[in-house]
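Notes follow the structure.
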Amino acid sequence: MSSSVLAKPQMRGLLAKRMRFHLVGAFIVSMGAATYYKFAVGEARKKAYADFYRNYDSMKDFEEMRKAGIFQSVK
Amino acid sequence: MTQMLSRATWSLVLRQGGLGMRGIHSPGGTAQGEGKMPPYTSYHAERSYPMPDEPFCTELSTEQRALKEKEKGSWTKLTHAEKVALYRLQFHESFAEMNRRSNEWKTVMGGVFFCFGITALLIWWQRVYVFPEKPITLTDEWKAKQLQRILDMKGNPVQGLASRWDYDKKEWKK
């Protein structure tokens, strides 16, 4: 054991320090995750649907399905 | 009657230290530790319960008793070696010793993987000797016809399965 004096450790406010760290971190992580999801998933999905339905011809789609023979009511 | 007898023998054994001097802690060789066997006393400390009610060493030699008397006075008069000796009387291991890491994780992982292997052998045997024939719906021909039907119905045409199929070239999109 050395005879030099160690620095006095932090005695008070340990929970407060830990809480502050984790609250800030949790806020950043959750907001970051939400923002990422909104743009990577949400906006991409909205764009995909908009592109699909922009030039969608439902009758043409129906005729293709009818020719493939999947319907029972119309051949 | 037999319970009283066994209890008496047990306390006698503890007092004599007949089971390898356990129960009597003199802090001579705490550097090497107690060996692998834990003592049968009421002292148990861990990281979440670091200060038990009982001290580690309960049977003290004359010098140790004298030191405990000195402890009742002013602590500034104690030398460093005496403070360490008092600590060792009170506690089995320091925090650093108590929290030392070990190689136990290797044993645990080895056991886990070994159990995975045994399970794999059992499942293999089961597949060969127990499972019945595959149903018709799991054969390749049926699955191909099923997939064709889903594509004909244009299942999930926006982002899902049918969106990955090229209807003009009749193949999967690159």
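For the structure tokens, the naming scheme is as follows: chains receive sequential letters (A, B, ...) according to their order of presentation, residues are indexed from 1 within each chain, and ligands are indexed from 1 in presentation order.
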#### Entry: Within 12 Å of chain B: residues of chain A, using only C-alpha atoms, as a list in words
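Result, ordered by chain then number: Met1, Ser2, Ser3, Val41, Ala44, Arg45, Lys46, Lys47, Ala48, Tyr49, Ala50, Asp51, Phe52, Tyr53, Arg54, Tyr56, Asp61, Phe62, Glu63, Glu64, Met65, Arg66, Lys67, Ala68, Gly69, Ile70 and Phe71 of chain A.
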### Message
Which residues are close to range 94-101 of chain B, i.e. within 8 Å by only C-alpha atoms, leaving aside same-chain residues fewer than 3 positions away? Reply as a ChimeraX atom specification.
### Response
/B:46-47,91
### Message
Using DSSP secondary structure from the backbone, list all helix (DSSP H, G or I) positions within chain A, as a PyMOL selection string.
### Response
chain A and resi 14-54+58-68
If we count only C-alpha atoms and set the cut-off at 12 Å, which residues sit around range 51-54 of chain B, ignoring sequence neighbours fewer than 5 positions away in its own chain? Please answer as a PDB file with C-alpha atoms, in the first residue's frame.
```pdb
ATOM      1  CA  THR B  41     -19.815 -19.533   9.627  1.00  0.00           C
ATOM      2  CA  SER B  42     -22.471 -16.907   9.452  1.00  0.00           C
ATOM      3  CA  TYR B  43     -20.112 -14.519   7.688  1.00  0.00           C
ATOM      4  CA  HIS B  44     -21.134 -13.952   4.094  1.00  0.00           C
ATOM      5  CA  ALA B  45     -20.326 -10.794   2.192  1.00  0.00           C
ATOM      6  CA  GLU B  46     -20.911  -9.948  -1.416  1.00  0.00           C
ATOM      7  CA  GLU B  59     -11.633 -16.348  17.759  1.00  0.00           C
ATOM      8  CA  TYR B  87      -9.575  -4.715   8.489  1.00  0.00           C
ATOM      9  CA  LEU B  89     -10.088  -9.282  11.253  1.00  0.00           C
ATOM     10  CA  GLN B  90     -13.365  -7.754  10.229  1.00  0.00           C
ATOM     11  CA  PHE B  91     -13.548  -8.744   6.582  1.00  0.00           C
ATOM     12  CA  HIS B  92     -12.564 -11.810   4.603  1.00  0.00           C
ATOM     13  CA  GLU B  93     -11.633 -10.069   1.355  1.00  0.00           C
ATOM     14  CA  SER B  94     -11.174  -6.511   0.234  1.00  0.00           C
ATOM     15  CA  PHE B  95     -13.412  -5.156  -2.485  1.00  0.00           C
TER      16      PHE B  95
END
```
### Query
How many Å lie between CA of Lys170 in chain B and CA of Glu141 in chain B, rounded to one decimal?
18.2 Å
#### Entry: Point-to-point distance from CA of Trp172 in chain B to CA of Ala144 in chain B, Å rounded to tenths
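Between CA of Trp172 in chain B and CA of Ala144 in chain B the gap is 14.0 Å.
Pairwise distance (CA of Val74 in chain A, CA of Trp142 in chain B) equals 24.5 Å.
Nearest residue to Gln64 in chain B, choosing from B:Lys169, B:Lys106, B:Lys77, B:Arg88 and counting only C-alpha atoms: B:Arg88.
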